[in-house]
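Colleague: Would you mind keeping the following structure in view while I ask a few things?
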Amino acid sequence: MCVSHEHDQGHEHDQGEASQAGAGRRGFLRATALLGAAATAGLALPTAAEAAPASAAAPASAASWRPDPDSRRFTLAVMPDTQYLFDGPSIDKAPIEASLRYLLEHGKDENIVFLSHLGDLTENGAQAEVTAISEAFRLLDRRGVGYSVLAGNHDVKSSTDDQRGPTPYLDAFGPDRFKGRPTFGGASPDGYNTFHLFKAAGREWMVLALDWRLSAKGYAWAKDVLARHPKTPVVLTTHELVVEDDSLSAYGQQLWDQLIEDHDQIFLTLNGHYWPAGRATRKNAAGNDVHLHLTNYQNRYFGGAAMIRLYRFDLDRKTIDVETVSPWILGRAAKGLNELERQEIELSGDADRFSVDIDFADRFAGFDPVPARPARPAPRMLVPGTLAYWRFDSPVSGTVRDLSGRGNDLTVVSVGGGSLGWSPDHHPDQPGHGSLEFQGYKSPLKGAYLRTVDRAPLNSATFKTGYTIEAFYRLPADWDPAHHAWSGVVGRTGTGGAAGRTADDPDEPLATLSLSDGPGPQWAARPLNQQGIATNWGDETAREVWWHVAVVNDGSHTTMYVQGCPVARNPHASAVGLTSVGLPWLLGGYEYAGKIDQILHGRLGDVRIVERALSVTSFMNH
């Protein structure tokens, strides 16, 4: 039977009050959106007394279920124990049908890719109960929605395992129900264990739905499924595993020992059975975190009202945002909610709304490593208009050749005995696989930087028709604005005063891409058509992370990009070309009043200067 913890009941009461306080406006807005969507589709959201008949018509819009398989944001929906809604003479399909309709209505905007039910669909596993919930799930069948179910201890005889033989549950939710569905991968010979495959974020994912109790044959089948899909990340669903925060049940421990711990593909498990909701995190044999979540609301108002958990995956943010909501109560909001419904419309306690931080590429690297992007030959980087291209595939000794062939070679300048180091470290999308390590320090000034040779053609270039300047950089953890701020990444020497441009500070250099005290990139230059300094400000960029920055002038305006994204503080004023007095350019150095004033503290990768505006897709990190 499903079990509560007596010592947790006081906590559960507090959590209900917290959810009432935190869900008000958000719940109202969500309910309004749901009612609007229902009206648009011609759907009637049933009340508790108005359960839809078994032969309810399909939604007016019966298009096939088509989640976006490439979006890096997608949602996995989870429904725990619904047993009290399907209990002998008190069967009520309305709440679960409201939840299923919610998934249909929000499938596109939430990119819902799959639904997992966690077992205990019914209270007694009786034929009438199973038939009723089976009819409810036809809402998903009609639209081809991918979903999984599994048997809980109330759906089958609890003393049996997956070798129990025929049951009303198996007749309704056995493999025959899912055959031909795109997400259905297969079932164990007994029919009680299934696996499902869906595509999201451009890759394959698996839901491994396991019976209430695995037999030895069940374990062997599950291991074989994992072995046949060695590079597929897996969400394991079962009825019993976590019993409360940071604790597994006896069977949950067995499942961990015999299956989860040694299979690195399993990164998330979901179970019901116990209450209240809880979480655990354990290290598997590979040393990676496995997130184990308990979700069950049968002890709450209206038997949990078929509440659903929404696991919103965001691979770019490296996060799973989790939310718990009751679509049935949301759908009743327009008619006015009773006291308990107001508390349960949306749960906001720490166990019900939270985020899980996962670096997916790193977490999956043990079984499906992302291949490193290979180095690209220098000639491929020489797009038309390239004036200079420097890369650091090996340590610097003497002159750094300009790979464009234009003669804009670099020499090393040491200050205070400083030197340049080298590292194979590089931005993952950098053409060259290496970087120079600058070790600048403000006071006393020390370090080494690079400057173009005296007769370099670049020194006199004025870029009247536009330019693109690109660089890769990475700052170390000990980067300190007191000692390292305002060092130059790349820029030209010569002051505004020397060029007769005395507006603003005449001692500032004519052009410099520097790192502010944020740290963040800043492009400050004197265009040919301005007396003063035109400045583009980038946002702060984190330490110990590689960044690509590009400054693009199209002959009229200048735009700064970080990681290919335009920054907010790009000036609208016209900016034509760059003022020059024929003096060298610097990499890693910054001059003030004609003297070296600061030296970069960090790593610098490939640098390219082109005498025209490039599109984002032509940047070096593409």
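We label chains A, B, ... in the order they appear in the structure tokens, count residues from 1 in each chain, and number ligands from 1 in the order shown.
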For the contact check between stretch 79-152 of chain A and stretch 166-179 of chain A, emit one row per residue of stretch 79-152 of chain A within 7 Å, containing the shortest atom pair and the distance in Å rounded to one decimal, counting only C-alpha atoms, chain then rising number order, as a tab-separated table.
Modeller:
residue	atom	partner	partner_atom	distance
A:Gly125	CA	A:Tyr169	CA	6.6
A:Ala126	CA	A:Pro168	CA	6.9
A:Gln127	CA	A:Pro168	CA	5.6
A:Val130	CA	A:Tyr169	CA	6.2
A:Ser134	CA	A:Ala172	CA	6.4
Colleague: Compile the contact shell of stretch 112-118 of chain A as a compact mmCIF listing (two decimals) with C-alpha atoms, in the first residue's frame: residues with an atom at most 6 Å away, counting only C-alpha atoms, same-chain residues fewer than 3 positions apart removed.
Modeller:
# COMPACT_ATOMS: atom_id res chain seq x y z
CA PRO A 67 7.01 18.21 -30.39
CA PHE A 74 11.52 20.75 -23.80
CA THR A 75 9.19 19.46 -21.12
CA LEU A 76 8.68 16.02 -19.61
CA ALA A 77 5.31 15.75 -17.83
CA VAL A 78 4.90 13.45 -14.83
CA MET A 79 1.68 12.22 -13.20
CA PRO A 80 1.85 10.33 -9.89
CA GLY A 107 2.02 20.74 -25.87
CA GLY A 146 3.95 9.62 -26.33
CA TYR A 147 3.41 8.37 -22.77
CA SER A 148 4.24 5.55 -20.40
CA VAL A 149 2.44 3.89 -17.54
CA THR A 238 9.02 3.21 -11.14
CA HIS A 239 6.45 3.23 -8.37
CA ASN A 271 8.67 7.56 -8.34
CA GLY A 272 5.46 7.91 -6.36
Colleague: List the spatial neighbours of A:His427 as a VMD selection string - criterion: any atom at most 10 Å away, only C-alpha atoms, same-chain residues fewer than 2 positions off excluded.
Modeller: chain A and resid 373 425 429 to 435 472 to 474 545 to 548 604 to 606 621
Colleague: Based on DSSP run over this structure's backbone, return all residues of stretch 254-366 of chain A in strand (DSSP E or B), as a ChimeraX atom specification.
Modeller: /A:266-271,275,278-283,289-294,308-314,319-325,346-347,354-357
Colleague: Would you mind listing what lies within 12 Å of A:His154 as a PyMOL selection string, with only C-alpha atoms counted and same-chain residues fewer than 4 positions away left out?
Modeller: chain A and resi 1-3+81-84+86-87+118-126+129-130+150+158-160+167-169+211-212+239+273
Colleague: With C-alpha atoms kept, could you save the residues just selected as a short mmCIF file (atom, residue, chain, number, x, y, z; two decimals), in the first residue's frame?
Modeller:
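The resulting again-v2.cif:
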data_model
loop_
_atom_site.label_atom_id
_atom_site.label_comp_id
_atom_site.auth_asym_id
_atom_site.auth_seq_id
_atom_site.Cartn_x
_atom_site.Cartn_y
_atom_site.Cartn_z
CA MET A 1 0.00 0.00 0.00
CA CYS A 2 1.04 3.63 -0.39
CA VAL A 3 2.59 4.88 2.82
CA ASP A 81 -0.69 8.20 -8.01
CA THR A 82 -4.27 8.77 -9.23
CA GLN A 83 -5.74 5.82 -7.31
CA TYR A 84 -8.32 7.71 -5.22
CA PHE A 86 -10.52 5.40 -9.57
CA ASP A 87 -11.79 3.65 -6.46
CA LEU A 118 4.23 6.66 -11.92
CA GLY A 119 1.81 3.87 -11.04
CA ASP A 120 -1.17 3.29 -8.75
CA LEU A 121 -3.46 4.37 -11.51
CA THR A 122 -6.30 2.73 -9.58
CA GLU A 123 -7.13 1.84 -5.98
CA ASN A 124 -7.94 -1.85 -6.40
CA GLY A 125 -6.90 -2.84 -9.90
CA ALA A 126 -10.51 -3.84 -10.54
CA GLU A 129 -11.44 1.08 -12.40
CA VAL A 130 -8.90 0.11 -15.03
CA LEU A 150 3.56 1.29 -15.02
CA SER A 158 1.27 -6.28 -4.27
CA SER A 159 2.93 -9.52 -3.24
CA THR A 160 3.80 -10.36 -6.86
CA THR A 167 -4.29 -8.77 -14.98
CA PRO A 168 -6.88 -6.14 -15.95
CA TYR A 169 -4.01 -3.62 -15.84
CA ASP A 211 7.12 -2.52 -12.70
CA TRP A 212 6.27 -2.25 -9.01
CA HIS A 239 6.45 3.23 -8.37
CA HIS A 273 4.01 5.61 -3.64
#
Colleague: Let's see if you can do this: from backbone DSSP, list all alpha helix (DSSP H) residues in stretch 84-162 of chain A, as JSON, numbers by chain.
Modeller: {"A": [94, 95, 96, 97, 98, 99, 100, 101, 102, 103, 104, 105, 106, 127, 128, 129, 130, 131, 132, 133, 134, 135, 136, 138, 139, 140, 141]}
Colleague: Could you dump the residues just selected with N, CA, C and O atoms as a CSV table (one decimal), in the first residue's frame?
Modeller:
chain,number,residue,atom,x,y,z
A,94,ALA,N,-12.8,13.3,-14.2
A,94,ALA,CA,-12.7,14.7,-14.6
A,94,ALA,C,-11.3,15.2,-14.3
A,94,ALA,O,-10.7,15.9,-15.2
A,95,PRO,N,-10.7,15.0,-13.1
A,95,PRO,CA,-9.4,15.6,-12.9
A,95,PRO,C,-8.3,15.1,-13.8
A,95,PRO,O,-7.5,15.9,-14.4
A,96,ILE,N,-8.3,13.8,-14.1
A,96,ILE,CA,-7.2,13.3,-15.0
A,96,ILE,C,-7.4,13.8,-16.4
A,96,ILE,O,-6.5,14.1,-17.1
A,97,GLU,N,-8.7,13.9,-16.8
A,97,GLU,CA,-8.9,14.3,-18.2
A,97,GLU,C,-8.6,15.8,-18.3
A,97,GLU,O,-8.1,16.2,-19.4
A,98,ALA,N,-8.8,16.6,-17.3
A,98,ALA,CA,-8.4,18.0,-17.3
A,98,ALA,C,-6.8,18.1,-17.5
A,98,ALA,O,-6.3,18.9,-18.2
A,99,SER,N,-6.1,17.2,-16.7
A,99,SER,CA,-4.6,17.2,-16.8
A,99,SER,C,-4.2,16.8,-18.2
A,99,SER,O,-3.3,17.4,-18.8
A,100,LEU,N,-4.8,15.8,-18.8
A,100,LEU,CA,-4.4,15.3,-20.1
A,100,LEU,C,-4.8,16.4,-21.2
A,100,LEU,O,-4.0,16.6,-22.1
A,101,ARG,N,-5.9,17.1,-21.0
A,101,ARG,CA,-6.2,18.1,-22.0
A,101,ARG,C,-5.3,19.3,-21.8
A,101,ARG,O,-4.9,20.0,-22.8
A,102,TYR,N,-4.8,19.5,-20.6
A,102,TYR,CA,-3.9,20.6,-20.4
A,102,TYR,C,-2.6,20.3,-21.2
A,102,TYR,O,-2.0,21.2,-21.9
A,103,LEU,N,-2.2,19.1,-21.2
A,103,LEU,CA,-1.0,18.7,-21.9
A,103,LEU,C,-1.2,18.9,-23.4
A,103,LEU,O,-0.3,19.3,-24.2
A,104,LEU,N,-2.4,18.5,-23.9
A,104,LEU,CA,-2.7,18.7,-25.3
A,104,LEU,C,-2.7,20.2,-25.7
A,104,LEU,O,-2.2,20.6,-26.7
A,105,GLU,N,-3.3,21.0,-24.9
A,105,GLU,CA,-3.4,22.4,-25.2
A,105,GLU,C,-2.0,23.2,-25.1
A,105,GLU,O,-1.8,24.1,-25.8
A,106,HIS,N,-1.2,22.7,-24.2
A,106,HIS,CA,0.1,23.4,-24.0
A,106,HIS,C,1.3,22.6,-24.6
A,106,HIS,O,2.4,23.0,-24.3
A,127,GLN,N,-11.5,-4.3,-12.7
A,127,GLN,CA,-11.8,-4.1,-14.1
A,127,GLN,C,-12.5,-2.8,-14.4
A,127,GLN,O,-12.0,-2.1,-15.3
A,128,ALA,N,-13.5,-2.4,-13.6
A,128,ALA,CA,-14.2,-1.2,-13.9
A,128,ALA,C,-13.2,0.0,-13.7
A,128,ALA,O,-13.3,1.0,-14.4
A,129,GLU,N,-12.4,0.0,-12.7
A,129,GLU,CA,-11.4,1.1,-12.4
A,129,GLU,C,-10.4,1.2,-13.6
A,129,GLU,O,-10.2,2.3,-14.1
A,130,VAL,N,-9.9,0.1,-14.0
A,130,VAL,CA,-8.9,0.1,-15.0
A,130,VAL,C,-9.5,0.6,-16.3
A,130,VAL,O,-9.0,1.4,-17.1
A,131,THR,N,-10.7,0.1,-16.6
A,131,THR,CA,-11.4,0.5,-17.8
A,131,THR,C,-11.6,2.0,-17.8
A,131,THR,O,-11.5,2.7,-18.9
A,132,ALA,N,-12.0,2.6,-16.7
A,132,ALA,CA,-12.3,4.0,-16.6
A,132,ALA,C,-11.0,4.9,-16.9
A,132,ALA,O,-11.1,5.8,-17.7
A,133,ILE,N,-9.9,4.5,-16.3
A,133,ILE,CA,-8.7,5.3,-16.5
A,133,ILE,C,-8.2,5.0,-17.9
A,133,ILE,O,-7.6,5.9,-18.6
A,134,SER,N,-8.4,3.8,-18.4
A,134,SER,CA,-7.9,3.5,-19.8
A,134,SER,C,-8.7,4.4,-20.8
A,134,SER,O,-8.1,4.9,-21.7
A,135,GLU,N,-10.0,4.6,-20.5
A,135,GLU,CA,-10.8,5.5,-21.4
A,135,GLU,C,-10.3,6.9,-21.4
A,135,GLU,O,-10.2,7.6,-22.4
A,136,ALA,N,-9.9,7.4,-20.2
A,136,ALA,CA,-9.3,8.7,-20.0
A,136,ALA,C,-8.1,8.9,-20.9
A,136,ALA,O,-7.9,9.9,-21.6
A,138,ARG,N,-7.4,7.7,-23.6
A,138,ARG,CA,-7.6,7.7,-25.0
A,138,ARG,C,-7.5,9.1,-25.6
A,138,ARG,O,-7.4,9.3,-26.7
A,139,LEU,N,-7.7,10.1,-24.7
A,139,LEU,CA,-7.4,11.5,-25.1
A,139,LEU,C,-6.1,11.7,-25.7
A,139,LEU,O,-5.9,12.4,-26.7
A,140,LEU,N,-5.1,11.0,-25.1
A,140,LEU,CA,-3.7,11.0,-25.7
A,140,LEU,C,-3.6,10.1,-26.9
A,140,LEU,O,-2.8,10.4,-27.8
A,141,ASP,N,-4.2,8.9,-26.8
A,141,ASP,CA,-4.1,8.0,-27.9
A,141,ASP,C,-4.6,8.6,-29.2
A,141,ASP,O,-4.0,8.4,-30.3
